[in-house]
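The next block holds one structure in the form of C-alpha cells; read it before the comments.
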Amino acid sequence: PFLASMLSGVLKLGLVLFIAGMFGFETTSLVAVVGALTFAVGMALQGNLGNFASGVMILLFKPYKVGDLIKVNDFIGQVAEIQIFNTLLLTPDNRKIIIPNGSITDGAIENITGQETIRVDMTFGISYDDDIDHARHTIMDTALSCEKILKRKPIDIFVTELADSSVNFAVRPWCNSEDYWDVYFFMQEN
C-alpha cells in the first residue's frame, strides 16, 4: 500500500506538470522545486528505506520464518509476523516486541528453532562443602527423568568454575528445538 500510494502521488504530480506545460506555464523552476522536495523527503525517509531494503533481504534470504524462536538485539521471542519494515516478536511472557528490520540485519540473528535439535546450556552451583560426585549424579538422574531430553545424545555435566562461593557445573542436555523452554524450566525446577 505504501508503494502504491507513493507511485500514485508521483504520477499525479507528473500529470499536473505536463498539463501546466501544455498551457504555456514555465515548469523548469517547478521541476527544480519538486526535485529539491523529493531529495528532502528521501533524506527524511533514509532510515525507513534502509528498513525496507532489510525487510526485502529477510524475505528473500529467509534467515528465520514465522513461528521460529529467535534472538535479535538482546530480545528472545517467537516470530509472529515479518513485515516489510519491522519484525514482530512475541516473548515467552507474551510481550510484543517490534524490531526495525534494519537493526536486525545489521546485527547477529540467532535462530534457536532453525535446527531440528538444540543443546540447552545451563549452569548449576553447589557449595564447597557439598559432594561433587553426588551433585553430578543428582543432575544426571534429573536429566534422565525428563522425557523431552534426547537420550541418544550425550548429556554433558562438567565442573566449569570454582567461583567465590560455589562450585559451578555446566549442564548441557539436548532436545528437539520446540522443547527448549520445557527442558530448561524442568531442569531448573527439579
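Note on naming: chains are A, B, ... as they come in the C-alpha cells, residues start from 1 per chain, ligands start from 1 in the order shown.
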
Please list as a PDB file with all heavy atoms, in the first residue's frame every residue within 7 Å of Phe158 in chain A, counting only C-alpha atoms and excluding residues in the same chain fewer than 2 positions away.
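What follows is the written file selection.pdb:
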```pdb
ATOM      1  N   ASP A 156      26.144 -33.634  28.847  1.00  0.00           N
ATOM      2  CA  ASP A 156      27.415 -33.198  29.432  1.00  0.00           C
ATOM      3  C   ASP A 156      27.179 -32.548  30.777  1.00  0.00           C
ATOM      4  O   ASP A 156      26.317 -31.677  30.919  1.00  0.00           O
ATOM      5  CB  ASP A 156      28.110 -32.195  28.505  1.00  0.00           C
ATOM      6  CG  ASP A 156      28.506 -32.806  27.173  1.00  0.00           C
ATOM      7  OD1 ASP A 156      28.767 -34.017  27.131  1.00  0.00           O
ATOM      8  OD2 ASP A 156      28.539 -32.057  26.174  1.00  0.00           O
ATOM      9  N   THR A 160      32.886 -26.367  35.749  1.00  0.00           N
ATOM     10  CA  THR A 160      33.460 -25.336  34.893  1.00  0.00           C
ATOM     11  C   THR A 160      34.126 -24.199  35.649  1.00  0.00           C
ATOM     12  O   THR A 160      34.928 -23.483  35.077  1.00  0.00           O
ATOM     13  CB  THR A 160      32.371 -24.696  33.995  1.00  0.00           C
ATOM     14  OG1 THR A 160      31.354 -24.159  34.820  1.00  0.00           O
ATOM     15  CG2 THR A 160      31.814 -25.691  33.023  1.00  0.00           C
ATOM     16  N   PHE A 169      28.677 -26.117  37.832  1.00  0.00           N
ATOM     17  CA  PHE A 169      28.601 -27.159  36.823  1.00  0.00           C
ATOM     18  C   PHE A 169      28.003 -26.582  35.544  1.00  0.00           C
ATOM     19  O   PHE A 169      27.027 -25.842  35.598  1.00  0.00           O
ATOM     20  CB  PHE A 169      27.670 -28.296  37.279  1.00  0.00           C
ATOM     21  CG  PHE A 169      28.231 -29.177  38.333  1.00  0.00           C
ATOM     22  CD1 PHE A 169      28.047 -28.889  39.672  1.00  0.00           C
ATOM     23  CD2 PHE A 169      28.938 -30.324  37.994  1.00  0.00           C
ATOM     24  CE1 PHE A 169      28.553 -29.710  40.652  1.00  0.00           C
ATOM     25  CE2 PHE A 169      29.440 -31.154  38.965  1.00  0.00           C
ATOM     26  CZ  PHE A 169      29.255 -30.843  40.306  1.00  0.00           C
ATOM     27  N   ALA A 170      28.566 -26.965  34.406  1.00  0.00           N
ATOM     28  CA  ALA A 170      27.921 -26.715  33.115  1.00  0.00           C
ATOM     29  C   ALA A 170      27.131 -27.976  32.792  1.00  0.00           C
ATOM     30  O   ALA A 170      27.675 -29.076  32.797  1.00  0.00           O
ATOM     31  CB  ALA A 170      28.953 -26.447  32.032  1.00  0.00           C
ATOM     32  N   VAL A 171      25.839 -27.808  32.536  1.00  0.00           N
ATOM     33  CA  VAL A 171      24.957 -28.926  32.218  1.00  0.00           C
ATOM     34  C   VAL A 171      24.414 -28.675  30.820  1.00  0.00           C
ATOM     35  O   VAL A 171      23.854 -27.615  30.552  1.00  0.00           O
ATOM     36  CB  VAL A 171      23.819 -29.039  33.252  1.00  0.00           C
ATOM     37  CG1 VAL A 171      22.890 -30.192  32.913  1.00  0.00           C
ATOM     38  CG2 VAL A 171      24.393 -29.189  34.652  1.00  0.00           C
TER      39      VAL A 171
END
```

Would you mind writing down, as a PyMOL selection string, each residue of range 130-176 of chain A that DSSP on the backbone assigns to alpha helix (DSSP H)?
-> chain A and resi 132-145

Go ahead and save the residues from that selection, with N, CA and C atoms, as a JSON list (two decimals), in the first residue's frame.
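In the end it all went to part34.json:
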```json
[["chain", "number", "residue", "atom", "x", "y", "z"],
["A", 132, "ILE", "N", 30.83, -33.36, 45.12],
["A", 132, "ILE", "CA", 30.76, -33.12, 43.67],
["A", 132, "ILE", "C", 30.16, -34.32, 42.95],
["A", 133, "ASP", "N", 30.59, -35.54, 43.30],
["A", 133, "ASP", "CA", 30.07, -36.74, 42.62],
["A", 133, "ASP", "C", 28.58, -36.92, 42.87],
["A", 134, "HIS", "N", 28.14, -36.66, 44.10],
["A", 134, "HIS", "CA", 26.71, -36.78, 44.41],
["A", 134, "HIS", "C", 25.91, -35.75, 43.62],
["A", 135, "ALA", "N", 26.42, -34.52, 43.52],
["A", 135, "ALA", "CA", 25.73, -33.47, 42.76],
["A", 135, "ALA", "C", 25.65, -33.85, 41.28],
["A", 136, "ARG", "N", 26.76, -34.38, 40.74],
["A", 136, "ARG", "CA", 26.77, -34.79, 39.33],
["A", 136, "ARG", "C", 25.74, -35.89, 39.08],
["A", 137, "HIS", "N", 25.66, -36.89, 39.98],
["A", 137, "HIS", "CA", 24.69, -37.99, 39.83],
["A", 137, "HIS", "C", 23.25, -37.46, 39.96],
["A", 138, "THR", "N", 23.04, -36.53, 40.87],
["A", 138, "THR", "CA", 21.70, -35.95, 41.05],
["A", 138, "THR", "C", 21.26, -35.21, 39.78],
["A", 139, "ILE", "N", 22.18, -34.43, 39.21],
["A", 139, "ILE", "CA", 21.86, -33.70, 37.98],
["A", 139, "ILE", "C", 21.58, -34.68, 36.84],
["A", 140, "MET", "N", 22.39, -35.74, 36.73],
["A", 140, "MET", "CA", 22.19, -36.73, 35.67],
["A", 140, "MET", "C", 20.86, -37.46, 35.85],
["A", 141, "ASP", "N", 20.53, -37.84, 37.07],
["A", 141, "ASP", "CA", 19.24, -38.51, 37.32],
["A", 141, "ASP", "C", 18.07, -37.60, 36.96],
["A", 142, "THR", "N", 18.20, -36.34, 37.28],
["A", 142, "THR", "CA", 17.15, -35.38, 36.94],
["A", 142, "THR", "C", 17.01, -35.26, 35.42],
["A", 143, "ALA", "N", 18.14, -35.18, 34.73],
["A", 143, "ALA", "CA", 18.11, -35.08, 33.27],
["A", 143, "ALA", "C", 17.49, -36.33, 32.64],
["A", 144, "LEU", "N", 17.84, -37.49, 33.16],
["A", 144, "LEU", "CA", 17.30, -38.74, 32.61],
["A", 144, "LEU", "C", 15.81, -38.89, 32.88],
["A", 145, "SER", "N", 15.31, -38.22, 33.92],
["A", 145, "SER", "CA", 13.88, -38.31, 34.22],
["A", 145, "SER", "C", 13.03, -37.37, 33.35]]
```

Using only C-alpha atoms, which residues sit within 8 Å of Leu90 in chain A once same-chain residues fewer than 4 positions away are excluded, as a list of chain:residue names?
->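 Those residues are A:Gly77, A:Gln78, A:Val79, A:Ala80, A:Asn94, A:Arg95, A:Lys96, A:Ile97.
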
Restricted to C-alpha atoms, what would the selected residues look like written as a PDB file, in the first residue's frame?
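Result file follows (result-v4.pdb):
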```pdb
ATOM      1  CA  GLY A  77      10.861 -14.337  21.092  1.00  0.00           C
ATOM      2  CA  GLN A  78       8.785 -16.254  18.609  1.00  0.00           C
ATOM      3  CA  VAL A  79       8.401 -14.561  15.225  1.00  0.00           C
ATOM      4  CA  ALA A  80       4.739 -13.552  14.964  1.00  0.00           C
ATOM      5  CA  ASN A  94       3.642 -12.621  25.874  1.00  0.00           C
ATOM      6  CA  ARG A  95       5.039  -9.146  25.218  1.00  0.00           C
ATOM      7  CA  LYS A  96       5.012  -7.910  21.630  1.00  0.00           C
ATOM      8  CA  ILE A  97       8.385  -6.558  20.515  1.00  0.00           C
TER       9      ILE A  97
END
```

Work out how far apart CA of Thr91 in chain A and CA of Val56 in chain A are and give it in Å to one decimal.
-> 23.9 Å

Could you name the residues that touch Ile149 in chain A at 8 Å or less, counting only C-alpha atoms, but leaving out those on the same chain fewer than 3 positions away, as JSON, numbers by chain?
-> {"A": [143, 144, 146, 173, 174, 175, 176, 183]}

Requested write-out: N, CA, C and O atoms of the selected residues, as a short mmCIF file (atom, residue, chain, number, x, y, z; two decimals), in the first residue's frame:
```
data_model
loop_
_atom_site.label_atom_id
_atom_site.label_comp_id
_atom_site.auth_asym_id
_atom_site.auth_seq_id
_atom_site.Cartn_x
_atom_site.Cartn_y
_atom_site.Cartn_z
N ALA A 143 18.14 -35.18 34.73
CA ALA A 143 18.11 -35.08 33.27
C ALA A 143 17.49 -36.33 32.64
O ALA A 143 16.69 -36.25 31.71
N LEU A 144 17.84 -37.49 33.16
CA LEU A 144 17.30 -38.74 32.61
C LEU A 144 15.81 -38.89 32.88
O LEU A 144 15.10 -39.58 32.14
N CYS A 146 13.67 -36.46 32.62
CA CYS A 146 12.95 -35.54 31.75
C CYS A 146 12.67 -36.23 30.42
O CYS A 146 13.60 -36.62 29.71
N PRO A 173 22.21 -30.79 28.20
CA PRO A 173 21.42 -31.83 27.53
C PRO A 173 20.94 -31.35 26.16
O PRO A 173 20.93 -30.15 25.89
N TRP A 174 20.51 -32.29 25.33
CA TRP A 174 19.97 -31.98 24.00
C TRP A 174 18.47 -32.27 23.98
O TRP A 174 17.99 -33.17 24.67
N CYS A 175 17.75 -31.52 23.14
CA CYS A 175 16.31 -31.74 22.98
C CYS A 175 15.90 -31.29 21.59
O CYS A 175 16.69 -30.68 20.86
N ASN A 176 14.66 -31.57 21.22
CA ASN A 176 14.10 -31.01 19.98
C ASN A 176 13.92 -29.51 20.18
O ASN A 176 13.63 -29.05 21.29
N VAL A 183 12.48 -28.10 28.60
CA VAL A 183 13.66 -28.75 29.20
C VAL A 183 14.36 -27.79 30.16
O VAL A 183 14.72 -28.18 31.29
#
```

Non-local contacts of Tyr128 in chain A (9 Å; only C-alpha atoms; under 2 positions in same chain excluded) as a list of chain:residue names |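 Counting only C-alpha atoms, the residues come to A:Ile126, A:Asp130, A:Asp131, A:Ile132, A:Leu162, A:Ser165, A:Ser166, A:Val167.
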
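Closest approach to Phe61 in chain A among A:Phe23, A:Leu89, A:Thr105, A:Leu17 is made by A:Thr105 (distances from only C-alpha atoms).
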
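If you count only C-alpha atoms and ignore residues fewer than 5 places along the chain from Ala163 in chain A, what sits within 10 Å of it is A:Gly125, A:Ser127, A:Tyr128, A:Asn168.
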
Write down as a VMD selection string the residues belonging to range 105-186 of chain A that are assigned strand (DSSP E or B) by DSSP computed on the backbone.
-> chain A and resid 109 to 111 117 to 119 122 to 126 149 156 to 162 167 to 172 174 to 176

Determine the nearest neighbour of Tyr64 in chain A from the options A:Ile109, A:Leu88, A:Val31, A:Leu11, counting only C-alpha atoms.
-> A:Ile109

Which residue, A:Lys65, A:Arg172, A:Lys71, A:Lys153, has the smallest gap to Ile112 in chain A when you use only C-alpha atoms?
-> A:Lys71

Hey, which of A:Asp129, A:Thr123, A:Pro63, A:Gly14 ends up closest to Ala108 in chain A? Count only C-alpha atoms.
->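 Checking each candidate against Ala108 in chain A, we get A:Pro63 as the closest.
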
For Glu178 in chain A: contacts at 10 Å, only C-alpha atoms, fewer than 4 positions along chain excluded, given as a list of chain:residue names |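 My list of contacting residues is A:Asp68, A:Leu69, A:Ile112, A:Thr113, A:Gly114, A:Gln115, A:Glu116, A:Thr117, A:Ile118, A:Lys148, A:Asp182, A:Val183.
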